[in-house]
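Trainee: Sharing input-v2.cif, mmCIF, C-alpha atoms:
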data_data
#
loop_
_atom_site.label_atom_id
_atom_site.label_comp_id
_atom_site.auth_asym_id
_atom_site.auth_seq_id
_atom_site.Cartn_x
_atom_site.Cartn_y
_atom_site.Cartn_z
CA MET G 1 -7.18 -17.85 -15.80
CA LEU G 2 -3.83 -18.91 -17.12
CA GLY G 3 -2.44 -15.47 -16.51
CA GLN G 4 -3.16 -15.87 -12.86
CA ILE G 5 -1.41 -19.20 -12.52
CA ASN G 6 1.51 -18.05 -14.61
CA MET G 7 4.37 -18.42 -12.18
CA PHE G 8 6.52 -16.06 -14.19
CA ASN G 9 4.03 -13.17 -14.09
CA LYS G 10 5.88 -9.86 -13.90
CA LYS G 11 4.47 -7.37 -11.43
CA TYR G 12 3.15 -4.89 -13.98
CA GLU G 13 1.39 -2.96 -11.27
CA LYS G 14 4.80 -1.91 -9.98
CA PHE G 15 6.13 -0.73 -13.34
CA GLU G 16 6.63 2.97 -14.00
CA ILE G 17 4.65 4.39 -16.90
CA THR G 18 7.75 4.70 -19.11
CA GLU G 19 8.60 1.03 -18.52
CA LEU G 20 5.04 -0.01 -19.36
CA VAL G 21 5.10 2.07 -22.55
CA LYS G 22 8.42 0.52 -23.63
CA ALA G 23 7.15 -3.00 -22.94
CA ALA G 24 3.83 -2.33 -24.67
CA GLY G 25 5.77 -1.08 -27.69
CA HIS G 26 7.37 -4.51 -27.85
CA ASP G 27 4.07 -6.38 -28.08
CA ASP G 28 3.76 -7.05 -24.36
CA TYR G 29 -0.03 -7.23 -24.06
CA LYS G 30 0.03 -7.48 -20.29
CA ALA G 31 1.95 -4.19 -20.11
CA LEU G 32 -0.51 -2.64 -22.56
CA LYS G 33 -3.44 -3.86 -20.44
CA GLU G 34 -1.91 -2.37 -17.28
CA LEU G 35 -1.39 0.91 -19.14
CA ILE G 36 -5.05 0.97 -20.17
CA LYS G 37 -6.16 0.19 -16.62
CA ARG G 38 -4.16 3.12 -15.29
CA GLU G 39 -5.39 5.67 -17.80
CA GLN G 40 -8.97 4.70 -18.63
CA GLN G 41 -10.77 6.26 -15.65
CA LYS G 42 -9.07 9.62 -16.02
CA ILE G 43 -9.69 9.69 -19.77
CA TYR G 44 -13.34 8.84 -19.17
CA MET G 45 -13.70 11.63 -16.62
CA THR G 46 -11.98 14.07 -18.98
CA PHE G 47 -14.58 13.42 -21.68
CA PHE G 48 -17.33 13.38 -19.06
CA TYR G 49 -16.46 16.98 -18.23
CA LEU G 50 -15.51 18.04 -21.76
CA CYS G 51 -18.67 16.81 -23.48
CA PRO G 52 -21.69 17.39 -21.29
CA ASP G 53 -24.20 16.60 -24.03
CA CYS G 54 -22.57 13.49 -25.38
CA ASP G 55 -24.13 10.12 -24.71
CA ASP G 56 -21.18 8.22 -26.13
CA ILE G 57 -18.47 9.06 -23.62
CA SER G 58 -17.64 5.36 -23.23
CA ASP G 59 -17.16 5.14 -26.99
CA MET G 60 -14.92 8.20 -27.04
CA THR G 61 -12.84 6.75 -24.21
CA GLN G 62 -12.45 3.42 -25.97
CA GLU G 63 -11.67 5.16 -29.25
CA THR G 64 -8.88 7.08 -27.55
CA LEU G 65 -7.50 3.97 -25.87
CA ILE G 66 -7.59 1.98 -29.12
CA LYS G 67 -5.75 4.78 -30.93
CA VAL G 68 -3.12 4.71 -28.19
CA CYS G 69 -2.75 0.92 -28.46
CA ARG G 70 -2.46 1.02 -32.24
CA SER G 71 0.21 3.72 -32.29
CA ILE G 72 2.22 2.88 -29.21
CA LYS G 73 5.00 1.27 -31.23
CA THR G 74 5.55 4.48 -33.15
CA LEU G 75 6.30 6.47 -29.99
CA LYS G 76 10.01 7.24 -30.23
CA HIS G 77 10.34 8.60 -26.71
CA PRO G 78 8.37 6.73 -24.03
CA GLU G 79 8.81 9.75 -21.75
CA ALA G 80 6.57 11.72 -24.10
CA PHE G 81 3.68 9.30 -23.56
CA GLY G 82 1.75 11.69 -21.30
CA VAL G 83 1.91 14.56 -23.77
CA TRP G 84 1.01 12.28 -26.66
CA LEU G 85 -1.95 10.82 -24.75
CA ASN G 86 -3.27 14.30 -23.96
CA LYS G 87 -2.94 15.25 -27.62
CA THR G 88 -4.94 12.14 -28.61
CA VAL G 89 -7.67 12.95 -26.05
CA SER G 90 -7.95 16.50 -27.38
CA ASN G 91 -8.04 15.35 -31.01
CA VAL G 92 -10.86 12.90 -30.28
CA PHE G 93 -12.73 15.75 -28.58
CA TYR G 94 -12.17 18.20 -31.46
CA ASP G 95 -13.19 15.59 -34.04
CA ARG G 96 -16.40 14.93 -32.18
CA MET G 97 -17.20 18.64 -31.94
CA ARG G 98 -16.52 19.12 -35.65
CA LYS G 99 -18.78 16.20 -36.56
CA ARG G 100 -21.56 17.57 -34.41
CA LYS G 101 -21.29 20.97 -35.98
CA LYS G 102 -20.75 19.39 -39.42
CA LEU G 103 -17.68 21.54 -40.02
CA PRO G 104 -14.96 20.66 -42.54
CA GLU G 105 -11.79 19.17 -41.03
CA ASN G 106 -9.59 22.21 -41.42
CA ILE G 107 -11.79 24.75 -39.68
CA SER G 108 -10.96 25.24 -36.04
CA ILE G 109 -13.65 25.75 -33.49
CA GLU G 110 -13.39 29.44 -32.82
CA CYS G 111 -15.24 30.89 -29.94
CA SER G 112 -17.40 33.82 -30.88
CA GLU G 113 -17.42 34.99 -27.29
CA GLU G 114 -13.64 35.12 -27.01
CA ASN G 115 -13.43 38.84 -26.87
CA SER G 116 -16.73 39.68 -25.32
CA GLU G 117 -16.75 41.28 -21.92
CA VAL G 118 -18.76 38.67 -20.10
CA LEU G 119 -18.74 34.88 -20.36
CA GLN G 120 -22.32 33.87 -20.95
CA ILE G 121 -22.95 30.89 -18.75
CA CYS G 122 -25.10 30.18 -15.72
CA ASP G 123 -28.35 30.09 -17.61
CA PRO G 124 -30.71 29.73 -14.65
CA CYS G 125 -32.86 27.28 -16.60
CA LYS G 126 -29.93 24.92 -16.85
CA LEU G 127 -28.94 24.97 -13.22
CA PRO G 128 -30.62 22.90 -10.58
CA ASP G 129 -32.71 24.99 -8.26
CA GLU G 130 -31.73 25.22 -4.64
CA LYS G 131 -34.29 22.69 -3.48
CA THR G 132 -32.65 19.90 -5.41
CA VAL G 133 -29.14 21.08 -4.72
CA ASN G 134 -28.21 18.11 -2.53
CA LYS G 135 -29.03 15.53 -5.15
CA GLU G 136 -27.44 17.57 -7.89
CA THR G 137 -24.31 18.67 -6.02
CA ASP G 138 -22.27 15.93 -7.62
CA GLU G 139 -22.70 17.50 -11.03
CA ILE G 140 -23.01 21.22 -10.39
CA ILE G 141 -19.47 21.97 -11.48
CA LYS G 142 -19.80 19.59 -14.40
CA ASN G 143 -22.93 21.46 -15.53
CA LEU G 144 -21.22 24.83 -15.20
CA ILE G 145 -18.06 23.73 -16.99
CA GLY G 146 -20.30 22.20 -19.63
CA GLN G 147 -21.83 25.57 -20.33
CA LEU G 148 -18.51 27.26 -20.96
CA PRO G 149 -17.72 27.89 -24.63
CA GLU G 150 -15.56 25.05 -26.00
CA ASN G 151 -12.30 26.97 -26.03
CA PHE G 152 -12.73 27.89 -22.38
CA ARG G 153 -13.99 24.47 -21.43
CA ILE G 154 -11.05 22.60 -22.91
CA VAL G 155 -8.41 24.72 -21.15
CA THR G 156 -10.25 24.38 -17.83
CA VAL G 157 -10.63 20.61 -18.18
CA LEU G 158 -7.05 20.07 -19.37
CA ARG G 159 -5.84 22.05 -16.37
CA GLU G 160 -8.15 20.69 -13.67
CA LEU G 161 -8.49 17.08 -14.80
CA ARG G 162 -5.24 16.41 -16.55
CA GLY G 163 -3.01 18.80 -14.59
CA LEU G 164 -1.28 20.15 -17.68
CA SER G 165 0.87 23.28 -17.56
CA TYR G 166 -0.19 26.40 -19.47
CA ASP G 167 2.56 25.77 -22.03
CA GLU G 168 1.40 22.21 -22.62
CA ILE G 169 -2.21 23.33 -22.95
CA ALA G 170 -1.16 26.05 -25.38
CA LYS G 171 0.64 23.48 -27.59
CA ILE G 172 -2.29 21.10 -27.57
CA THR G 173 -4.90 23.75 -28.32
CA GLY G 174 -2.75 25.60 -30.85
CA THR G 175 -2.77 28.88 -28.94
CA GLU G 176 -0.43 31.06 -26.92
CA THR G 177 0.37 30.63 -23.24
CA GLY G 178 -1.04 34.08 -22.52
CA THR G 179 -4.36 33.10 -24.09
CA VAL G 180 -4.50 29.96 -21.96
CA LYS G 181 -3.73 32.00 -18.83
CA SER G 182 -6.51 34.46 -19.61
CA ARG G 183 -9.07 31.78 -20.50
CA ILE G 184 -8.40 29.81 -17.32
CA ALA G 185 -8.68 32.95 -15.20
CA ARG G 186 -11.93 34.04 -16.85
CA SER G 187 -13.42 30.54 -16.59
CA ARG G 188 -12.55 30.19 -12.93
CA ASN G 189 -13.83 33.65 -12.07
CA LYS G 190 -17.09 32.82 -13.81
CA LEU G 191 -17.36 29.44 -12.07
CA ARG G 192 -16.77 31.08 -8.71
CA GLU G 193 -19.44 33.64 -9.41
CA CYS G 194 -21.98 31.00 -10.39
CA LEU G 195 -21.15 28.74 -7.46
CA GLN G 196 -21.76 31.49 -4.90
CA PRO G 197 -25.33 30.41 -4.08
CA TYR G 198 -24.21 26.79 -3.75
CA LEU G 199 -21.18 27.24 -1.56
CA VAL G 200 -21.41 25.63 1.85
CA SER G 201 -20.77 28.32 4.45
CA ASP G 202 -18.13 27.38 7.02
CA MET Y 203 12.40 16.35 -3.24
CA ASN Y 204 8.88 15.73 -4.48
CA LYS Y 205 8.16 18.58 -6.92
CA ASN Y 206 4.45 18.54 -6.11
CA ILE Y 207 5.04 19.07 -2.39
CA CYS Y 208 7.41 21.96 -3.14
CA LYS Y 209 4.77 23.50 -5.44
CA THR Y 210 2.09 23.18 -2.75
CA VAL Y 211 4.34 24.70 -0.11
CA LEU Y 212 5.14 27.59 -2.45
CA SER Y 213 1.50 28.40 -3.06
CA LEU Y 214 0.67 28.21 0.66
CA PHE Y 215 3.41 30.64 1.53
CA PRO Y 216 1.18 33.70 2.10
CA TYR Y 217 -0.88 31.80 4.69
CA TYR Y 218 2.12 30.17 6.30
CA SER Y 219 3.89 33.46 6.64
CA ASP Y 220 0.80 35.13 8.06
CA LYS Y 221 0.27 32.27 10.53
CA GLU Y 222 -3.16 31.45 9.20
CA LEU Y 223 -2.73 27.72 8.78
CA ASP Y 224 -3.83 24.91 11.09
CA GLU Y 225 -1.23 23.46 13.44
CA PRO Y 226 -0.78 20.08 11.68
CA LEU Y 227 -0.25 21.77 8.30
CA VAL Y 228 2.21 24.26 9.81
CA LYS Y 229 4.17 21.34 11.29
CA GLU Y 230 4.29 19.63 7.90
CA ILE Y 231 5.53 22.76 6.21
CA ASP Y 232 8.10 23.36 8.99
CA GLU Y 233 9.36 19.82 8.44
CA HIS Y 234 9.53 20.26 4.70
CA LEU Y 235 11.45 23.52 5.03
CA GLU Y 236 13.95 21.76 7.30
CA ASN Y 237 14.55 19.08 4.70
CA CYS Y 238 14.31 20.99 1.45
CA PRO Y 239 17.10 23.51 0.88
CA LYS Y 240 15.44 25.01 -2.21
CA CYS Y 241 12.15 25.76 -0.45
CA ARG Y 242 14.01 27.02 2.59
CA GLU Y 243 15.94 29.46 0.41
CA ASN Y 244 12.73 30.61 -1.29
CA TYR Y 245 11.06 31.12 2.07
CA GLU Y 246 13.97 33.18 3.38
CA ILE Y 247 14.05 35.41 0.28
CA LEU Y 248 10.30 35.95 0.45
CA SER Y 249 10.32 36.70 4.17
CA GLU Y 250 12.95 39.38 3.62
CA LEU Y 251 10.97 40.91 0.78
CA VAL Y 252 7.79 40.91 2.84
CA LYS Y 253 9.51 42.55 5.80
CA LYS Y 254 10.95 45.21 3.52
CA CYS Y 255 7.57 45.79 1.94
CA LYS Y 256 5.79 46.14 5.29
CA VAL Y 257 8.02 49.11 6.11
CA ASP Y 258 7.57 50.81 2.72
CA ASN Y 259 3.95 49.92 2.12
CA GLU Y 260 1.13 52.40 1.66
CA GLN Y 261 -2.23 51.88 -0.09
CA PRO Y 262 -1.96 49.33 -2.89
CA SER Y 263 -1.86 51.03 -6.27
CA GLU Y 264 -4.27 50.29 -9.12
CA THR Y 265 -1.37 48.74 -10.99
CA MET Y 266 -0.71 46.32 -8.17
CA LYS Y 267 -4.39 45.51 -7.77
CA ASN Y 268 -4.59 44.68 -11.47
CA PHE Y 269 -1.36 42.69 -11.26
CA PHE Y 270 -2.88 40.64 -8.46
CA LYS Y 271 -6.12 40.05 -10.38
CA ASP Y 272 -4.32 39.11 -13.58
CA ASN Y 273 -1.98 36.67 -11.88
CA LEU Y 274 -4.12 35.14 -9.16
CA ASN Y 275 -4.95 31.98 -11.09
CA ALA Y 276 -1.47 31.60 -12.53
CA PHE Y 277 -0.11 31.84 -8.99
CA ILE Y 278 -2.32 29.00 -7.79
CA ASP Y 279 -1.26 26.95 -10.80
CA ASN Y 280 2.45 27.62 -10.12
CA GLU Y 281 2.81 29.24 -13.51
CA LEU Y 282 4.39 32.54 -12.52
CA SER Y 283 8.00 33.47 -13.19
CA LYS Y 284 10.22 33.70 -10.12
CA GLU Y 285 10.04 37.51 -10.23
CA ASP Y 286 6.25 37.63 -10.52
CA TYR Y 287 5.89 34.96 -7.88
CA GLU Y 288 7.84 37.06 -5.38
CA LYS Y 289 5.95 40.21 -6.34
CA PHE Y 290 2.65 38.40 -5.93
CA ASN Y 291 3.56 36.98 -2.54
CA VAL Y 292 4.78 40.24 -1.15
CA TYR Y 293 1.60 42.00 -2.24
CA THR Y 294 -0.72 39.30 -0.93
CA VAL Y 295 0.83 38.81 2.48
CA ASN Y 296 0.39 42.49 3.23
CA ASN Y 297 -3.15 42.71 1.92
CA PRO Y 298 -6.05 41.02 3.79
CA VAL Y 299 -8.47 41.51 0.88
CA ALA Y 300 -6.03 39.84 -1.48
CA MET Y 301 -5.56 36.98 1.01
CA MET Y 302 -9.29 36.42 1.05
CA GLU Y 303 -9.49 36.42 -2.75
CA LEU Y 304 -6.67 33.89 -2.87
CA GLU Y 305 -8.44 31.71 -0.34
CA LYS Y 306 -11.70 31.77 -2.32
CA MET Y 307 -9.86 30.68 -5.44
CA PHE Y 308 -8.17 27.83 -3.55
CA ASP Y 309 -11.62 26.79 -2.30
CA LEU Y 310 -12.87 26.62 -5.87
CA LYS Y 311 -9.93 24.46 -6.89
CA PHE Y 312 -10.59 22.04 -4.05
CA GLN Y 313 -14.31 21.97 -4.87
CA ILE Y 314 -13.56 21.06 -8.46
CA SER Y 315 -11.12 18.28 -7.58
CA ASP Y 316 -13.47 16.93 -4.89
CA GLU Y 317 -16.34 16.74 -7.34
CA VAL Y 318 -14.20 15.08 -10.02
CA GLU Y 319 -13.04 12.48 -7.50
CA ARG Y 320 -16.60 11.80 -6.34
CA ASN Y 321 -17.86 11.42 -9.88
CA SER Y 322 -14.93 9.20 -10.72
CA SER Y 323 -15.82 6.75 -7.96
CA LEU Y 324 -19.51 6.87 -8.93
CA LYS Y 325 -18.77 5.95 -12.52
CA PRO Y 326 -15.97 3.37 -12.61
CA VAL Y 327 -15.11 2.02 -16.05
CA ASP Y 328 -13.14 -0.98 -17.23
CA PHE Y 329 -12.56 -1.38 -20.93
CA ALA Y 330 -9.15 -3.01 -20.64
CA SER Y 331 -10.07 -6.62 -21.50
CA ASN Y 332 -12.29 -5.66 -24.44
CA ILE Y 333 -9.68 -3.36 -25.91
CA ILE Y 334 -6.82 -5.84 -25.55
CA ASP Y 335 -8.92 -8.54 -27.24
CA LYS Y 336 -9.71 -6.15 -30.08
CA ILE Y 337 -6.06 -5.20 -30.56
CA LYS Y 338 -4.98 -8.83 -30.43
CA LYS Y 339 -7.52 -9.67 -33.14
CA GLU Y 340 -6.25 -6.78 -35.26
CA ASN Y 341 -2.68 -7.99 -34.85
CA GLY Y 342 -3.64 -11.60 -35.55
CA ASP Y 343 -2.55 -12.64 -32.07
CA TYR Y 344 -5.93 -13.39 -30.53
CA TYR Y 345 -6.70 -16.86 -31.88
CA PRO Y 346 -3.13 -18.24 -31.75
CA GLU Y 347 -2.94 -17.18 -28.09
CA LEU Y 348 -6.35 -18.70 -27.39
CA LEU Y 349 -5.17 -21.95 -28.94
CA ALA Y 350 -1.91 -21.86 -27.01
CA ASN Y 351 -3.80 -21.28 -23.75
CA PHE Y 352 -6.16 -24.17 -24.53
CA LEU Y 353 -3.28 -26.54 -25.30
CA THR Y 354 -1.44 -25.50 -22.15
CA SER Y 355 -4.54 -26.04 -20.00
CA THR Y 356 -5.06 -29.44 -21.55
CA LEU Y 357 -1.43 -30.38 -20.99
CA ILE Y 358 -1.56 -29.26 -17.35
CA PHE Y 359 -4.77 -31.22 -16.87
CA PHE Y 360 -3.18 -34.39 -18.18
CA VAL Y 361 0.00 -33.88 -16.19
CA CYS Y 362 -2.03 -33.41 -12.99
CA GLY Y 363 -4.15 -36.40 -13.83
CA ALA Y 364 -1.12 -38.56 -14.52
CA SER Y 365 0.59 -37.38 -11.32
CA PHE Y 366 -2.50 -38.20 -9.29
CA ILE Y 367 -2.66 -41.70 -10.75
CA LEU Y 368 1.03 -42.29 -10.08
CA VAL Y 369 0.79 -41.09 -6.49
CA ALA Y 370 -2.39 -43.05 -5.86
CA HIS Y 371 -0.74 -46.15 -7.29
CA ALA Y 372 2.30 -45.60 -5.13
CA VAL Y 373 0.25 -45.42 -1.95
CA ASN Y 374 -1.77 -48.41 -3.05
CA ILE Y 375 -5.11 -46.69 -3.36
CA ILE Y 376 -5.45 -48.10 -6.85
#
For this file, produce the structure as structure tokens.
Mentor:
Amino acid sequence: MLGQINMFNKKYEKFEITELVKAAGHDDYKALKELIKREQQKIYMTFFYLCPDCDDISDMTQETLIKVCRSIKTLKHPEAFGVWLNKTVSNVFYDRMRKRKKLPENISIECSEENSEVLQICDPCKLPDEKTVNKETDEIIKNLIGQLPENFRIVTVLRELRGLSYDEIAKITGTETGTVKSRIARSRNKLRECLQPYLVSD
Amino acid sequence: MNKNICKTVLSLFPYYSDKELDEPLVKEIDEHLENCPKCRENYEILSELVKKCKVDNEQPSETMKNFFKDNLNAFIDNELSKEDYEKFNVYTVNNPVAMMELEKMFDLKFQISDEVERNSSLKPVDFASNIIDKIKKENGDYYPELLANFLTSTLIFFVCGASFILVAHAVNII
């Protein structure tokens, strides 16, 4: 309530991200709050698409945001906030996957289907049948992306939901740009193939 | 110039050059080309290459078909080198099958972003207040600030009360 009647309230909504990050790094809680407000929905949607079977997406989102808040003072270059945030999102995702598979920390999640000819998704049992397609249309792509192997899913989600470049995705996932390019292409081709029966004809 | 607009214009080039876009979009691109020297230069270089290729062109080779397939998604994502970008454009503009493939891939991209946007509005979240409170508690700032806010409210209440009494006294209400 007092915030609203504070006559000296800065217009945080008009701040650029870099300005918000700088201010937040100097204990400006209002700037930090504005930063959270700007990023939370996108982070939530990223996990929503990355982790189709998780029922704790809200927790993962809050965990990511809390990590960001705790470490924001240590960010030497506010311009690198975006990259750093994406790295945090990916780490939270990888940690969750490791916990679920009960793998030790230092083992990466390698995809056994990396080199196989065909991406095995579109299990007909997992897709809505055509009669329910209208109700389910909102999550068709989510379901399909969710069935991609993790290494393919993460590059697709980082590209489509976070708009990262291939180089940035390669850095975050610890691979080469060429690998990212190939995984994105294969994922999209597979998605297109599976969406054929559900495409609205013009 | 807005980098994103330039990127979009670049990826729409095959359709723009082949006159397959709707009137309003063509007008927007025309306007952008008038105001953006970089895009205008790119467009001129590409148009020349395309014209040259139309004269020389025969059946697309297997190599070119594979090049198209391997770079289709990178093209849409604006990830190709300048050289590959030109090569891709020249091939696509002259090849109706390739144009159709490109269009289908654009459709997929739009479908994905539409669905994400729809889902985003269906599931709004707001953790900001909770998280800030948690961080303030961790930093030991939560209770001091709460106390400060309480004291300020109390002070304002008394100041308003006192002002009211003074004014009322002055106008002889009390």
Trainee: Kindly resolve the PyMOL selection byres ((chain G) within 9 of (chain Y)) on the present coordinates and return the residues as a ChimeraX atom specification.
Mentor: /G:2,29-30,32-37,40-42,44-45,49,58,61-62,65-66,69-70,137-142,159-161,165-166,181-182,184-185,188-189,191-192,195
Trainee: State, in Å with one decimal place, the distance from CA of Asp53 (chain G) to CA of Val155 (chain G).
Mentor: 18.0 Å
Trainee: CA of Phe81 (chain G) and CA of Asp167 (chain G) are how many Å apart?
Mentor: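 Going from CA of Phe81 (chain G) over to CA of Asp167 (chain G) covers 16.6 Å.
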Trainee: Between CA of Glu39 (chain G) and CA of Lys67 (chain G), what is the distance in Å, rounded to a tenth?
Mentor: 13.2 Å
Trainee: Quick one: 6 Å padding each side, axis-aligned, all listed atoms of region 305-309 of chain Y - centre and edge lengths in Å to one decimal, as lines of an AutoDock Vina configuration file?
Mentor:
center_x = -9.9
center_y = 29.3
center_z = -2.9
size_x = 15.5
size_y = 17.0
size_z = 17.1
Trainee: Translate the PyMOL selection byres ((chain G and resi 22) around 9), as applied to the file shown, into an explicit residue set as a tab-separated table (two decimals) with C-alpha atoms, keeping the file's coordinate frame.
Mentor:
chain	number	residue	atom	x	y	z
G	17	ILE	CA	4.65	4.39	-16.90
G	18	THR	CA	7.75	4.70	-19.11
G	19	GLU	CA	8.60	1.03	-18.52
G	20	LEU	CA	5.04	-0.01	-19.36
G	21	VAL	CA	5.10	2.07	-22.55
G	23	ALA	CA	7.15	-3.00	-22.94
G	24	ALA	CA	3.83	-2.33	-24.67
G	25	GLY	CA	5.77	-1.08	-27.69
G	26	HIS	CA	7.37	-4.51	-27.85
G	28	ASP	CA	3.76	-7.05	-24.36
G	31	ALA	CA	1.95	-4.19	-20.11
G	72	ILE	CA	2.22	2.88	-29.21
G	73	LYS	CA	5.00	1.27	-31.23
G	75	LEU	CA	6.30	6.47	-29.99
G	77	HIS	CA	10.34	8.60	-26.71
G	78	PRO	CA	8.37	6.73	-24.03
Trainee: Of the candidates G:Thr173, G:Leu144, G:Asn151, G:Ser187, which one gets nearest to Asn91 (chain G) if we count all atoms listed in the file?
Mentor: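 Comparing G:Thr173, G:Leu144, G:Asn151, G:Ser187 against Asn91 (chain G), the winner is G:Thr173.
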Trainee: I need the residue set behind the PyMOL selection byres ((chain Y and resi 301) around 12) for this file; please write it as a PyMOL selection string.
Mentor: chain Y and resi 213-220+222+270-271+274+290-300+302-308
Trainee: Which one of G:Lys171, G:Arg183, G:Lys76, G:Arg153 sits closest to Thr46 (chain G) if you count all atoms listed in the file?
Mentor: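 Checking each candidate against Thr46 (chain G), we get G:Arg153 as the closest.
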